[in-house]
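> I'd like to ask you about the structure that follows.
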Amino acid sequence: MHRVSANGIAIPALGFGTWQIEGDDARVAVAEALTLGYRHIDTARAYGNEAEVGAGIAQSGVPRGDIFLTTKIWTSEFKPEALTAALADSLAKLGTDYVDLTLLHWPNPEVPLADSLGALAALQQEGLTLAIGVSNFPVALVEEAVAVCGRPLAVNQVEYHPFLDQSKVIEACRRHGMAVEAYSPLARGKVMEDSTLRRIAEIYGRTPGQVALRWLIQQDGVIALPKAVRPEHAKANLGALDFALSQSEMAEISALARPDGRLINPSWAPAWDD
């Protein structure tokens with residue numbers, strides 16, 4: 001599996017997302033994903049499944065050092081002392097001494113960004129997280145985060161799929177050596193219904209989902225994080241790795257973006273300006 005370089009770390013380009021996979025389903029899904037060949041697992045404190053994700057990793061038998069593991073700190077835990085305690089709790093639940101990447105899950109304007117990122121940077125220096133980053137940060141906040149953090153940021157994880165233009169965020173991240181991780185890369189199944197993706201999929205003998213994932217990971221510095229409860233779907237997603245789209249096909253898929261393409265935009269979250 002090819003990897004994306006982000007400020008000194010190498011991240012597998014196709015990860016396994018665990019949002020909304022709860023209870024024992026999470027343990028089983030993670031263990032099966034690792035058995036299938038995934039080496040990048042994404043979770044978060046807000047998902048409520050870190051213990052099960054950790055159990056799935058242990059069950060898989062895959063060495064911890066071979067797995068790129070991410071968690072995210074929720075906005076209510078952004079003050080430095082709370083953030084430090086939150087990561088310690090996450091490590092205990094995950095059954096590991098470190099995570100590869102820790103992200104601020106959403107912006108929180110009530111806590112100075114310099115304070116939250118300063119706490120994350122200190123935890124990185126301690127070796128509790130190998131890399132740090134942000135999630136759901138628009139361009140202006142990416143720029144602020146880079147400016148106030150004393151250490152390089154590796155990632156901005158955002159909603160990204162063929163129906164949502166994230167070119168401005170991607171450009172900002174590239175300027176700072178950061179990767180963009182795409183969550184909801186299949187647009188909650190909407191890619192399966194799109195006529196353009198279906199036509200391109202037929203050319204390659206693939207599914208529209210595999211084409212959408214390929215479009216993402218074929219972009220410089222972009223990582224895709226599809227989730228799958230069923231092993232056959234997890235296996236199918238790996239089919240994005242072994243073919244390539246033409247430049248004209250890449251452009252055709254990019255043109256599917258529309259102004260109302262965003263699927264996840266909580267009313268309490270800061271407005272996107274890009």
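Chain labels follow the order of the structure tokens: the first chain is A, the next B, and so on; residue numbering restarts at 1 in every chain, and ligands are counted from 1 in their shown order.
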Would you please give, as a PyMOL selection string, all residues of stretch 58-105 of chain A that DSSP assigns to alpha helix (DSSP H) based on the backbone?
chain A and resi 58-60+80-94
> Per residue of stretch 97-159 of chain A within 9 Å of stretch 174-188 of chain A, what are the shortest atom pair and its distance in Å to one decimal, counting only C-alpha atoms, with rows by chain and residue number, as a tab-separated table?

residue	atom	partner	partner_atom	distance
A:Gly133	CA	A:Met178	CA	8.6
A:Ser135	CA	A:Glu181	CA	8.7
A:Glu143	CA	A:His176	CA	8.8
A:Val146	CA	A:His176	CA	7.6
A:Pro152	CA	A:His176	CA	8.3
A:Leu153	CA	A:Met178	CA	6.4
A:Ala154	CA	A:Met178	CA	4.8
A:Val155	CA	A:Ala179	CA	4.8
A:Asn156	CA	A:Val180	CA	5.1
A:Gln157	CA	A:Glu181	CA	4.4
A:Val158	CA	A:Ala182	CA	5.5
A:Glu159	CA	A:Tyr183	CA	4.8
> Taking into account only C-alpha atoms, which residue in the set A:Gly261, A:Gly118, A:Gly61, A:Pro162 is nearest to A:Gly150?
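Nearest to A:Gly150: A:Gly118.
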> If we count only C-alpha atoms, what is near A:Val169 at a cut-off of 8 Å, once residues fewer than 2 positions away on the same chain are taken out, given as a list in words?
Pro138, Val139, Gln166, Ser167, Glu171, Ala172, Cys173 and Asp274 of chain A
> Separation of atom CA of A:Ala114 and atom CA of A:Val148, in Å?
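Going from atom CA of A:Ala114 over to atom CA of A:Val148, I get 5.3 Å.
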> Nearest to A:Glu22 among A:Leu91, A:Ala228, A:Ser76, A:Asp66, with distances taken over only C-alpha atoms: which residue is it?
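Checking each candidate against A:Glu22, we get A:Ala228 as the closest.
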